[in-house]
Amino acid sequence: MSGRLRVYLGAAPGVGKTYAMLAEGRRLHDDEELDVVVGLVETYGRRGTEQQLGDLPVLPRRTVHHRGAEFTELDVDALLARRPLLALVDELAHTNAPGSRHVKRWEDVRQLLDAGIDVDTTVNIQHLESLNDVVQQITGVAQRERIPDEVVRAAERIELVDLSPQALRTRMAQGDIYPPDRVDVALDHYFRAGNLGALRELALLWLADRVEEELADYRARHGIRAPWETKERILVALNGAPQGEHLIRRGARTATRVHGDLIGVHVRPDDGTATREPAGLADQRALLHELHGSYVEVSGGDVARTLVDFARTESATQILLGPTGRSRLRELATGSVINRVIRLAGPIDVRVLPPPEPGLLTVPAAPRRRRPAAVPLHRRRLAWLLGPATGILLAWALSPLRGSLALGGVLLCLLLAVAATARLGGLLPAAGTTAAGALAADWFFIRPWHSLAVERGADLAALLLFLVVAGIISHLIDGLARRSQQADRARAEAAVLARLAGETVESGARALPDLVAELRQVFGLDGAVVLVRTGRLWQPAAASGATVPLRPDEASLAVDLGSDAVLALRGPALGEEDTRLLGPYVTQLKLARDRERLAAQAAAAETLAHTDALHTALLEAVGQDLRAPLAALRREAAELPGPERRRIRSEARRMERLLANLLDLSRLRAGEIPVVLRPTGLAPVVAAALSGEPVGVRTALGGGLPQVLADPGLLERAVADVLAAAGRPAVVDAGAVAGRVHLRVTAPGDAEPAGLTVARGLVEAMNGELTAEPAPGGGTAYLFDLPIAAV
């Protein structure tokens, strides 16, 4: 009798698989006094695992020597000789050292099971063969140790040892899984929260599939055919018809809401004949895979029974059917597939979905003025074929009654044929029917019979009156057709305009490709494209159709959209009414172009803001790192002689000021420091800026100087930076020029100092400008251009 296998499954290392296995082993050993032996357990120095091992009997390991190295492995022979009731063997996917009895540890375990020894073991989800590539894609780590899925699935019991990603990361951070020197790397790579969440979901899904297999086996053993609604399974019947995509999307939404499965099934005839795959089936199959559904083809002569039998096999809970494409006559002859599915389904829900609402319709062409109403070609051909023949056959059929039926009665009957032909094919076929009817009436009803001659003037007058009345009736029917076409055109235009207005109000400007595709469909064009000029070339921004013009001069109609963009259309010429309807689409296209441009600008601004935030964070980090060395430098400078101490302290203060200015400039650009503009006098600002280093600076501000609109603190810092960067002696003066105030600092030297960049940024934040230019008497003049405060 074979032993029983219990597997403790984990989503990642450290969830507590070995701990749980040892806890159960100790319970069986201590409480139930069963013969439990630890065949091999890896504690990895984890205190909790070592404590849980307790006083369980541990079998010594077997030593294997390979290429001068020494390895320890599970001693299978000792376990077989000991024959405990239960053996605890860790790490089922482990690869044994060369020279061992088996290559893999799961083969060792299989031998123990064959010998009748129960085994408890552990394995992580990443070692399962079927999930190896998925785990590598998630974690970026290739697993060399793998185990076939069927080995684990063959276990009598599988227990998932579950731990939330955050709890597992906390254990890792506390050093309960890896040594401290490996914790940071593990948390940043394999043990990222996203990785752990994905691995946990994989483990749950794999275990759910195993439970589903057990349930299917149980139902098969007990002959249970009725579906058990343990999980929703939506079965969509597909035959390549256009409404199939609607069925798939509806089924996918239902499956998503109820966390169920989506299965598409196509029934092939099994009559042995080679049949071509329906045209739309390939697209529907691709859509199913895109929506995470599965596709199955089955064969059967009876579509309804085959479909229901497959639904029972898959334990489907719902069958989705589309509207039938069969004619009434064929349904009466062969029966309705939908009705048979409903009768055969039993407890399975059957939903018959109506066809989707019609999408965009092509706007019909406007009737041309002073032209007959437009009639489809097939109707014109049918009218030419039936109209004249009907007139002649009607006259021939009535000819036996010419003794009792007067010519007027025959002509009235022929007028009915003319009216029907005019309704079917328009004016020209009606004219042909009128002529054929008049000739037939002359041939069969006017003496001499079977001749086109007319003896009596009254008969000739009747024929002429028939021609006039037939012409009037045909013209009236044509006018009604024209008005009907005008009404259809007006309804289509109103629907298009209402859709455009409604979607604009509801969701704002629409996407450019959707608009171009809709425009081409509405006007029945061969191709439509929005071309954007880049240099000398035209690049398509959005296109729809098989034959798209690549340049504006290749288009049937080109409409300027502004900003070097053109709407190019190819296809039938657009009339005046079409051009009027095209206007709203052009407006929408312009809005879409503006929206794309604003979105690009917003993305660029977001990137710039992110860059500024990184810049600020970097400067703050650098500032924090430099403050301590600067403080230490100043402490060391206190022990130096006077001149050196003063010079070092001055340079240290300058460096600290530069760091502070850089940080504030970054915060200003990121909007973290508010700029409070208010009327500010220049004299107090300059005096405060000179408080630190007044030596060698002469001020000549004068009286009556207007106040400027600035932030006093930022302006003081900017002036102090310029004074600190400029040479000595320096002169500070100011004056009002054309509604602005110019504060000038003149100092010797021709080169612009490096610190001017920070000061310039501070001034620009206050809507001012800082420039450096050669001074008239030599040296450099630093000019602050500031706005005058309103009185």
# chains A, B, ... in the order shown; residues from 1 in each chain; ligands from 1
>>> residues_around(residues="Gly479 (chain A)", least_positions_apart="2", cutoff="12 Å", atoms="only C-alpha atoms", output="PyMOL selection string")
chain A and resi 367-374+422-423+426-427+472-477+481-486
>>> write_last_selection(atoms="N, CA, C and O atoms", output="tab-separated table (two decimals), in the first residue's frame")
chain	number	residue	atom	x	y	z
A	367	PRO	N	-31.01	64.32	-52.75
A	367	PRO	CA	-31.58	64.26	-54.10
A	367	PRO	C	-31.14	65.47	-54.92
A	367	PRO	O	-31.12	66.60	-54.43
A	368	ARG	N	-30.78	65.21	-56.17
A	368	ARG	CA	-30.34	66.29	-57.05
A	368	ARG	C	-31.54	67.06	-57.57
A	368	ARG	O	-32.56	66.47	-57.90
A	369	ARG	N	-31.35	68.36	-57.68
A	369	ARG	CA	-32.45	69.21	-58.15
A	369	ARG	C	-32.71	68.95	-59.64
A	369	ARG	O	-31.78	68.78	-60.43
A	370	ARG	N	-34.02	68.99	-59.99
A	370	ARG	CA	-34.46	68.81	-61.38
A	370	ARG	C	-33.98	67.49	-61.96
A	370	ARG	O	-33.74	67.37	-63.16
A	371	ARG	N	-33.76	66.52	-61.10
A	371	ARG	CA	-33.40	65.17	-61.53
A	371	ARG	C	-34.35	64.17	-60.89
A	371	ARG	O	-34.87	64.42	-59.80
A	372	PRO	N	-34.58	63.04	-61.55
A	372	PRO	CA	-35.43	62.03	-60.91
A	372	PRO	C	-34.81	61.55	-59.60
A	372	PRO	O	-33.60	61.67	-59.36
A	373	ALA	N	-35.65	61.01	-58.75
A	373	ALA	CA	-35.17	60.49	-57.47
A	373	ALA	C	-34.20	59.33	-57.72
A	373	ALA	O	-34.39	58.54	-58.64
A	374	ALA	N	-33.15	59.28	-56.88
A	374	ALA	CA	-32.16	58.22	-57.02
A	374	ALA	C	-32.76	56.90	-56.56
A	374	ALA	O	-33.36	56.81	-55.49
A	422	ALA	N	-43.33	52.86	-61.30
A	422	ALA	CA	-42.73	54.12	-60.86
A	422	ALA	C	-42.29	54.03	-59.40
A	422	ALA	O	-41.23	54.56	-59.02
A	423	ARG	N	-43.07	53.34	-58.58
A	423	ARG	CA	-42.67	53.19	-57.17
A	423	ARG	C	-41.45	52.30	-57.02
A	423	ARG	O	-40.60	52.52	-56.17
A	426	GLY	N	-38.61	54.11	-60.47
A	426	GLY	CA	-38.46	55.51	-60.81
A	426	GLY	C	-39.10	55.89	-62.13
A	426	GLY	O	-39.89	55.14	-62.74
A	427	LEU	N	-38.76	57.08	-62.61
A	427	LEU	CA	-39.43	57.66	-63.77
A	427	LEU	C	-39.18	56.90	-65.06
A	427	LEU	O	-40.11	56.62	-65.83
A	472	ILE	N	-48.23	62.06	-65.39
A	472	ILE	CA	-48.47	62.82	-64.17
A	472	ILE	C	-48.33	61.94	-62.93
A	472	ILE	O	-47.70	62.33	-61.93
A	473	ILE	N	-48.92	60.74	-62.99
A	473	ILE	CA	-48.82	59.83	-61.83
A	473	ILE	C	-47.36	59.47	-61.56
A	473	ILE	O	-46.91	59.47	-60.40
A	474	SER	N	-46.60	59.18	-62.61
A	474	SER	CA	-45.18	58.83	-62.42
A	474	SER	C	-44.42	60.00	-61.80
A	474	SER	O	-43.56	59.81	-60.91
A	475	HIS	N	-44.71	61.21	-62.27
A	475	HIS	CA	-44.02	62.39	-61.73
A	475	HIS	C	-44.37	62.60	-60.25
A	475	HIS	O	-43.50	62.93	-59.44
A	476	LEU	N	-45.66	62.41	-59.91
A	476	LEU	CA	-46.05	62.57	-58.51
A	476	LEU	C	-45.37	61.53	-57.62
A	476	LEU	O	-44.91	61.83	-56.50
A	477	ILE	N	-45.34	60.29	-58.08
A	477	ILE	CA	-44.68	59.24	-57.29
A	477	ILE	C	-43.20	59.54	-57.14
A	477	ILE	O	-42.60	59.35	-56.07
A	481	ALA	N	-41.01	60.15	-53.72
A	481	ALA	CA	-39.75	59.46	-53.42
A	481	ALA	C	-38.65	60.47	-53.09
A	481	ALA	O	-37.83	60.24	-52.17
A	482	ARG	N	-38.63	61.59	-53.83
A	482	ARG	CA	-37.62	62.62	-53.54
A	482	ARG	C	-37.82	63.18	-52.13
A	482	ARG	O	-36.86	63.37	-51.39
A	483	ARG	N	-39.07	63.47	-51.78
A	483	ARG	CA	-39.32	64.00	-50.44
A	483	ARG	C	-38.97	62.98	-49.35
A	483	ARG	O	-38.48	63.35	-48.28
A	484	SER	N	-39.26	61.69	-49.62
A	484	SER	CA	-38.87	60.66	-48.66
A	484	SER	C	-37.36	60.61	-48.49
A	484	SER	O	-36.85	60.49	-47.36
A	485	GLN	N	-36.63	60.74	-49.60
A	485	GLN	CA	-35.17	60.75	-49.51
A	485	GLN	C	-34.66	61.99	-48.79
A	485	GLN	O	-33.71	61.92	-48.01
A	486	GLN	N	-35.31	63.11	-49.03
A	486	GLN	CA	-34.92	64.33	-48.30
A	486	GLN	C	-35.16	64.17	-46.80
A	486	GLN	O	-34.36	64.61	-45.97
>>> residues_around(residues="region 687-689 of chain A", least_positions_apart="3", cutoff="12 Å", atoms="only C-alpha atoms", output="list in words")
Gly681, Leu682, Ala683, Pro684, Gly692, Glu693, Pro694, Val697, Arg698, Thr699, Ala700, Leu701, Pro712, Gly713, Leu714, Leu715, Glu716, Arg717, Ala718, Val719, Ala720, Asp721, Val722, Leu723, Ala724 and Val732 of chain A
>>> atom_distance(atom1="CA of Pro787 (chain A)", atom2="CA of Gly703 (chain A)")
18.0 Å
>>> select_by_dssp(residues="region 475-574 of chain A", states="strand (DSSP E or B)", output="VMD selection string")
chain A and resid 527 to 534 537 to 545 557 to 562 565 to 570
>>> residues_around(residues="Leu512 (chain A)", least_positions_apart="5", cutoff="7 Å", atoms="only C-alpha atoms", output="ChimeraX atom specification")
/A:542,589,592
>>> write_last_selection(atoms="N, CA and C atoms", output="mmCIF file, in the first residue's frame")
data_model
loop_
_atom_site.group_PDB
_atom_site.id
_atom_site.type_symbol
_atom_site.label_atom_id
_atom_site.label_comp_id
_atom_site.auth_asym_id
_atom_site.auth_seq_id
_atom_site.Cartn_x
_atom_site.Cartn_y
_atom_site.Cartn_z
ATOM 1 N N ALA A 542 -3.929 60.805 -38.363
ATOM 2 C CA ALA A 542 -4.991 59.810 -38.168
ATOM 3 C C ALA A 542 -5.582 59.525 -39.541
ATOM 4 N N LEU A 589 -12.654 68.057 -35.337
ATOM 5 C CA LEU A 589 -11.260 67.697 -35.605
ATOM 6 C C LEU A 589 -10.307 68.746 -35.056
ATOM 7 N N ALA A 592 -10.142 68.198 -31.400
ATOM 8 C CA ALA A 592 -9.323 67.026 -31.087
ATOM 9 C C ALA A 592 -7.847 67.334 -31.222
#
>>> residues_around(residues="Val141 (chain A)", least_positions_apart="4", cutoff="10 Å", atoms="only C-alpha atoms", output="list of chain:residue names")
A:Gln126, A:Asn132, A:Asp133, A:Val135, A:Gln136, A:Gln137, A:His189, A:Tyr190
>>> write_last_selection(atoms="C-alpha atoms", output="PDB file, in the first residue's frame")
ATOM      1  CA  GLN A 126       7.976  29.217  -8.577  1.00  0.00           C
ATOM      2  CA  ASN A 132       8.267  28.611 -14.391  1.00  0.00           C
ATOM      3  CA  ASP A 133       8.199  31.012 -17.344  1.00  0.00           C
ATOM      4  CA  VAL A 135       7.398  33.455 -12.519  1.00  0.00           C
ATOM      5  CA  GLN A 136      10.536  34.417 -14.428  1.00  0.00           C
ATOM      6  CA  GLN A 137       8.603  37.094 -16.297  1.00  0.00           C
ATOM      7  CA  HIS A 189      14.087  42.960  -6.275  1.00  0.00           C
ATOM      8  CA  TYR A 190      12.391  39.594  -5.720  1.00  0.00           C
TER       9      TYR A 190
END
>>> residues_around(residues="Arg67 (chain A)", least_positions_apart="4", cutoff="12 Å", atoms="only C-alpha atoms", output="PyMOL selection string")
chain A and resi 71+97-99
>>> write_last_selection(atoms="N, CA and C atoms", output="tab-separated table (two decimals), in the first residue's frame")
chain	number	residue	atom	x	y	z
A	71	PHE	N	28.74	17.41	0.45
A	71	PHE	CA	27.33	17.79	0.48
A	71	PHE	C	26.58	16.83	1.39
A	97	ALA	N	22.80	16.23	-4.95
A	97	ALA	CA	24.20	16.30	-5.37
A	97	ALA	C	24.54	15.09	-6.25
A	98	PRO	N	25.42	15.26	-7.20
A	98	PRO	CA	25.83	14.11	-8.04
A	98	PRO	C	26.33	12.96	-7.17
A	99	GLY	N	25.93	11.75	-7.54
A	99	GLY	CA	26.29	10.57	-6.77
A	99	GLY	C	25.19	10.10	-5.84
>>> closest_residue(among="A:Leu424, A:Leu567, A:Ala142, A:Leu22", to="Pro376 (chain A)", atoms="only C-alpha atoms")
A:Leu424
>>> residues_around(residues="region 28-39 of chain A", least_positions_apart="5", cutoff="9 Å", atoms="only C-alpha atoms", output="number ranges by chain")
A: 22-23, 53, 56-61, 74-76, 79, 84-90
>>> write_last_selection(atoms="all heavy atoms", output="short mmCIF file (atom, residue, chain, number, x, y, z; two decimals), in the first residue's frame")
data_model
loop_
_atom_site.label_atom_id
_atom_site.label_comp_id
_atom_site.auth_asym_id
_atom_site.auth_seq_id
_atom_site.Cartn_x
_atom_site.Cartn_y
_atom_site.Cartn_z
N LEU A 22 6.46 21.45 10.38
CA LEU A 22 6.99 20.99 11.67
C LEU A 22 5.94 21.07 12.76
O LEU A 22 5.87 20.19 13.65
CB LEU A 22 8.21 21.82 12.04
CG LEU A 22 9.46 21.60 11.17
CD1 LEU A 22 10.56 22.59 11.55
CD2 LEU A 22 9.97 20.16 11.32
N ALA A 23 5.09 22.12 12.72
CA ALA A 23 4.05 22.24 13.75
C ALA A 23 3.08 21.07 13.68
O ALA A 23 2.69 20.50 14.71
CB ALA A 23 3.30 23.57 13.56
N LEU A 53 11.33 22.85 15.56
CA LEU A 53 11.87 21.50 15.39
C LEU A 53 11.82 20.74 16.71
O LEU A 53 11.52 19.54 16.74
CB LEU A 53 13.32 21.60 14.87
CG LEU A 53 13.96 20.34 14.37
CD1 LEU A 53 13.18 19.71 13.24
CD2 LEU A 53 15.41 20.63 13.92
N LEU A 56 11.65 16.65 18.06
CA LEU A 56 11.31 15.65 17.05
C LEU A 56 12.56 14.85 16.68
O LEU A 56 13.65 15.42 16.55
CB LEU A 56 10.76 16.34 15.80
CG LEU A 56 9.31 16.83 15.85
CD1 LEU A 56 8.98 17.63 14.59
CD2 LEU A 56 8.35 15.66 15.98
N PRO A 57 12.43 13.55 16.52
CA PRO A 57 13.60 12.76 16.12
C PRO A 57 14.04 13.15 14.71
O PRO A 57 13.22 13.20 13.78
CB PRO A 57 13.10 11.32 16.18
CG PRO A 57 11.61 11.41 16.12
CD PRO A 57 11.23 12.71 16.74
N VAL A 58 15.34 13.43 14.55
CA VAL A 58 15.91 13.86 13.27
C VAL A 58 16.85 12.79 12.77
O VAL A 58 17.78 12.37 13.48
CB VAL A 58 16.66 15.20 13.43
CG1 VAL A 58 17.25 15.63 12.09
CG2 VAL A 58 15.72 16.28 13.97
N LEU A 59 16.62 12.34 11.57
CA LEU A 59 17.46 11.31 10.97
C LEU A 59 18.75 11.95 10.45
O LEU A 59 18.70 13.00 9.79
CB LEU A 59 16.72 10.64 9.82
CG LEU A 59 17.23 9.26 9.40
CD1 LEU A 59 16.93 8.24 10.49
CD2 LEU A 59 16.56 8.85 8.08
N PRO A 60 19.93 11.38 10.74
CA PRO A 60 21.17 11.96 10.22
C PRO A 60 21.17 11.97 8.68
O PRO A 60 20.62 11.07 8.03
CB PRO A 60 22.26 11.02 10.77
CG PRO A 60 21.62 10.34 11.94
CD PRO A 60 20.18 10.21 11.61
N ARG A 61 21.82 12.97 8.13
CA ARG A 61 21.87 13.09 6.68
C ARG A 61 23.01 12.23 6.12
O ARG A 61 23.95 11.88 6.83
CB ARG A 61 22.10 14.55 6.27
CG ARG A 61 21.03 15.50 6.76
CD ARG A 61 21.21 16.87 6.16
NE ARG A 61 20.28 17.85 6.70
CZ ARG A 61 20.11 19.07 6.21
NH1 ARG A 61 20.83 19.46 5.16
NH2 ARG A 61 19.25 19.89 6.76
N LEU A 74 19.32 13.84 1.80
CA LEU A 74 18.38 12.96 2.47
C LEU A 74 18.89 11.51 2.38
O LEU A 74 19.24 11.03 1.30
CB LEU A 74 17.00 13.08 1.82
CG LEU A 74 15.93 12.12 2.32
CD1 LEU A 74 15.56 12.43 3.76
CD2 LEU A 74 14.70 12.19 1.42
N ASP A 75 18.92 10.83 3.53
CA ASP A 75 19.37 9.43 3.58
C ASP A 75 18.14 8.54 3.36
O ASP A 75 17.43 8.17 4.30
CB ASP A 75 20.04 9.12 4.92
CG ASP A 75 20.83 7.82 4.87
OD1 ASP A 75 20.51 6.97 4.00
OD2 ASP A 75 21.75 7.65 5.69
N VAL A 76 17.88 8.20 2.09
CA VAL A 76 16.71 7.39 1.75
C VAL A 76 16.81 6.00 2.35
O VAL A 76 15.82 5.46 2.87
CB VAL A 76 16.54 7.34 0.22
CG1 VAL A 76 15.32 6.50 -0.15
CG2 VAL A 76 16.42 8.74 -0.36
N LEU A 79 15.91 5.96 5.99
CA LEU A 79 14.48 6.12 6.19
C LEU A 79 13.73 4.83 5.87
O LEU A 79 12.79 4.44 6.57
CB LEU A 79 13.95 7.26 5.31
CG LEU A 79 13.86 8.64 5.96
CD1 LEU A 79 13.42 9.68 4.96
CD2 LEU A 79 12.92 8.62 7.15
N PRO A 84 9.35 4.91 9.45
CA PRO A 84 8.43 5.63 10.34
C PRO A 84 7.03 5.70 9.71
O PRO A 84 6.85 5.42 8.51
CB PRO A 84 9.06 7.01 10.44
CG PRO A 84 9.76 7.19 9.12
CD PRO A 84 10.28 5.82 8.74
N LEU A 85 6.07 6.08 10.50
CA LEU A 85 4.73 6.26 9.95
C LEU A 85 4.66 7.52 9.08
O LEU A 85 3.96 7.54 8.08
CB LEU A 85 3.71 6.36 11.09
CG LEU A 85 2.24 6.39 10.68
CD1 LEU A 85 1.87 5.08 9.99
CD2 LEU A 85 1.35 6.64 11.89
N LEU A 86 5.41 8.56 9.50
CA LEU A 86 5.40 9.83 8.76
C LEU A 86 6.81 10.38 8.71
O LEU A 86 7.49 10.45 9.75
CB LEU A 86 4.47 10.85 9.43
CG LEU A 86 4.48 12.27 8.86
CD1 LEU A 86 3.97 12.28 7.42
CD2 LEU A 86 3.64 13.22 9.73
N ALA A 87 7.27 10.77 7.50
CA ALA A 87 8.58 11.40 7.33
C ALA A 87 8.38 12.84 6.88
O ALA A 87 7.56 13.12 5.99
CB ALA A 87 9.41 10.64 6.30
N LEU A 88 9.11 13.75 7.51
CA LEU A 88 9.07 15.17 7.14
C LEU A 88 10.29 15.46 6.26
O LEU A 88 11.42 15.34 6.72
CB LEU A 88 9.08 16.05 8.38
CG LEU A 88 8.01 15.75 9.46
CD1 LEU A 88 8.14 16.75 10.60
CD2 LEU A 88 6.61 15.78 8.86
N VAL A 89 10.02 15.83 5.01
CA VAL A 89 11.10 16.07 4.04
C VAL A 89 10.90 17.46 3.45
O VAL A 89 9.90 17.71 2.77
CB VAL A 89 11.12 15.01 2.93
CG1 VAL A 89 12.25 15.28 1.96
CG2 VAL A 89 11.24 13.62 3.54
N ASP A 90 11.84 18.34 3.66
CA ASP A 90 11.74 19.73 3.19
C ASP A 90 12.18 19.83 1.73
O ASP A 90 12.93 19.00 1.23
CB ASP A 90 12.62 20.61 4.08
CG ASP A 90 12.09 22.04 4.17
OD1 ASP A 90 11.04 22.32 3.59
OD2 ASP A 90 12.75 22.86 4.84
#
>>> residues_around(residues="Pro165 (chain A)", least_positions_apart="2", cutoff="8 Å", atoms="only C-alpha atoms", output="short mmCIF file (atom, residue, chain, number, x, y, z; two decimals) with N, CA and C atoms, in the first residue's frame")
data_model
loop_
_atom_site.label_atom_id
_atom_site.label_comp_id
_atom_site.auth_asym_id
_atom_site.auth_seq_id
_atom_site.Cartn_x
_atom_site.Cartn_y
_atom_site.Cartn_z
N LEU A 163 0.46 34.25 3.18
CA LEU A 163 0.90 35.41 3.95
C LEU A 163 0.80 36.61 3.02
N ALA A 167 2.97 41.68 5.02
CA ALA A 167 3.44 40.93 6.19
C ALA A 167 4.74 40.21 5.87
N LEU A 168 4.86 39.67 4.66
CA LEU A 168 6.09 38.98 4.27
C LEU A 168 7.26 39.95 4.18
N ARG A 169 7.01 41.15 3.63
CA ARG A 169 8.08 42.16 3.56
C ARG A 169 8.49 42.62 4.96
N ALA A 193 6.56 44.39 -3.51
CA ALA A 193 5.16 44.11 -3.19
C ALA A 193 4.40 43.61 -4.41
N LEU A 196 5.29 39.91 -5.08
CA LEU A 196 4.69 39.00 -4.10
C LEU A 196 3.19 38.86 -4.33
N GLY A 197 2.51 39.97 -4.68
CA GLY A 197 1.09 39.89 -4.97
C GLY A 197 0.79 39.01 -6.17
#
>>> closest_residue(among="A:Leu608, A:Ala631, A:Leu439, A:Val123", to="Glu656 (chain A)", atoms="only C-alpha atoms")
A:Ala631
>>> closest_residue(among="A:Ala435, A:Ile147, A:Ala511, A:Ala345", to="Ala599 (chain A)", atoms="only C-alpha atoms")
A:Ala511
>>> atom_distance(atom1="CA of Thr680 (chain A)", atom2="CA of Arg760 (chain A)")
18.5 Å
>>> atom_distance(atom1="CA of Arg110 (chain A)", atom2="CA of Leu80 (chain A)")
11.9 Å
>>> closest_residue(among="A:Leu5, A:Leu281, A:Leu709, A:Ile234", to="Arg678 (chain A)", atoms="only C-alpha atoms")
A:Leu709
>>> select_by_dssp(residues="region 435-499 of chain A", states="helix (DSSP H, G or I)", output="VMD selection string")
chain A and resid 435 to 445 457 to 499
>>> closest_residue(among="A:Leu557, A:Val469, A:Val236, A:Leu287", to="Gly322 (chain A)", atoms="only C-alpha atoms")
A:Val236
>>> decode(residues="region 180-194 of chain A", atoms="N, CA, C and O atoms", output="PDB file, in the first residue's frame")
ATOM      1  N   PRO A 180      20.940  39.946   7.450  1.00  0.00           N
ATOM      2  CA  PRO A 180      20.815  41.402   7.255  1.00  0.00           C
ATOM      3  C   PRO A 180      21.487  41.913   5.989  1.00  0.00           C
ATOM      4  O   PRO A 180      20.993  42.862   5.368  1.00  0.00           O
ATOM      5  N   ASP A 181      22.601  41.316   5.550  1.00  0.00           N
ATOM      6  CA  ASP A 181      23.288  41.823   4.384  1.00  0.00           C
ATOM      7  C   ASP A 181      22.543  41.519   3.078  1.00  0.00           C
ATOM      8  O   ASP A 181      22.887  42.062   2.030  1.00  0.00           O
ATOM      9  N   ARG A 182      21.536  40.675   3.112  1.00  0.00           N
ATOM     10  CA  ARG A 182      20.761  40.348   1.902  1.00  0.00           C
ATOM     11  C   ARG A 182      19.369  40.963   1.909  1.00  0.00           C
ATOM     12  O   ARG A 182      18.637  40.843   0.937  1.00  0.00           O
ATOM     13  N   VAL A 183      18.991  41.609   3.005  1.00  0.00           N
ATOM     14  CA  VAL A 183      17.616  42.104   3.134  1.00  0.00           C
ATOM     15  C   VAL A 183      17.310  43.199   2.126  1.00  0.00           C
ATOM     16  O   VAL A 183      16.301  43.157   1.412  1.00  0.00           O
ATOM     17  N   ASP A 184      18.169  44.223   2.024  1.00  0.00           N
ATOM     18  CA  ASP A 184      17.877  45.358   1.150  1.00  0.00           C
ATOM     19  C   ASP A 184      17.757  44.929  -0.308  1.00  0.00           C
ATOM     20  O   ASP A 184      16.841  45.358  -1.026  1.00  0.00           O
ATOM     21  N   VAL A 185      18.669  44.083  -0.759  1.00  0.00           N
ATOM     22  CA  VAL A 185      18.617  43.615  -2.149  1.00  0.00           C
ATOM     23  C   VAL A 185      17.339  42.819  -2.397  1.00  0.00           C
ATOM     24  O   VAL A 185      16.672  42.975  -3.433  1.00  0.00           O
ATOM     25  N   ALA A 186      16.970  41.965  -1.457  1.00  0.00           N
ATOM     26  CA  ALA A 186      15.765  41.151  -1.623  1.00  0.00           C
ATOM     27  C   ALA A 186      14.510  42.018  -1.679  1.00  0.00           C
ATOM     28  O   ALA A 186      13.620  41.801  -2.516  1.00  0.00           O
ATOM     29  N   LEU A 187      14.407  43.005  -0.792  1.00  0.00           N
ATOM     30  CA  LEU A 187      13.228  43.878  -0.783  1.00  0.00           C
ATOM     31  C   LEU A 187      13.117  44.700  -2.057  1.00  0.00           C
ATOM     32  O   LEU A 187      12.013  45.022  -2.506  1.00  0.00           O
ATOM     33  N   ASP A 188      14.248  45.064  -2.649  1.00  0.00           N
ATOM     34  CA  ASP A 188      14.230  45.890  -3.864  1.00  0.00           C
ATOM     35  C   ASP A 188      14.048  45.074  -5.125  1.00  0.00           C
ATOM     36  O   ASP A 188      13.815  45.652  -6.201  1.00  0.00           O
ATOM     37  N   HIS A 189      14.165  43.772  -5.058  1.00  0.00           N
ATOM     38  CA  HIS A 189      14.087  42.960  -6.275  1.00  0.00           C
ATOM     39  C   HIS A 189      12.993  41.897  -6.144  1.00  0.00           C
ATOM     40  O   HIS A 189      11.841  42.158  -6.432  1.00  0.00           O
ATOM     41  N   TYR A 190      13.343  40.702  -5.715  1.00  0.00           N
ATOM     42  CA  TYR A 190      12.391  39.594  -5.720  1.00  0.00           C
ATOM     43  C   TYR A 190      11.205  39.854  -4.804  1.00  0.00           C
ATOM     44  O   TYR A 190      10.072  39.482  -5.126  1.00  0.00           O
ATOM     45  N   PHE A 191      11.424  40.495  -3.668  1.00  0.00           N
ATOM     46  CA  PHE A 191      10.378  40.665  -2.666  1.00  0.00           C
ATOM     47  C   PHE A 191       9.669  42.014  -2.786  1.00  0.00           C
ATOM     48  O   PHE A 191       9.163  42.531  -1.792  1.00  0.00           O
ATOM     49  N   ARG A 192       9.617  42.595  -3.993  1.00  0.00           N
ATOM     50  CA  ARG A 192       8.793  43.785  -4.192  1.00  0.00           C
ATOM     51  C   ARG A 192       7.327  43.419  -3.990  1.00  0.00           C
ATOM     52  O   ARG A 192       6.910  42.294  -4.257  1.00  0.00           O
ATOM     53  N   ALA A 193       6.558  44.388  -3.513  1.00  0.00           N
ATOM     54  CA  ALA A 193       5.156  44.110  -3.192  1.00  0.00           C
ATOM     55  C   ALA A 193       4.398  43.611  -4.415  1.00  0.00           C
ATOM     56  O   ALA A 193       3.560  42.702  -4.320  1.00  0.00           O
ATOM     57  N   GLY A 194       4.659  44.191  -5.583  1.00  0.00           N
ATOM     58  CA  GLY A 194       3.982  43.741  -6.797  1.00  0.00           C
ATOM     59  C   GLY A 194       4.320  42.318  -7.152  1.00  0.00           C
ATOM     60  O   GLY A 194       3.443  41.523  -7.536  1.00  0.00           O
TER      61      GLY A 194
END
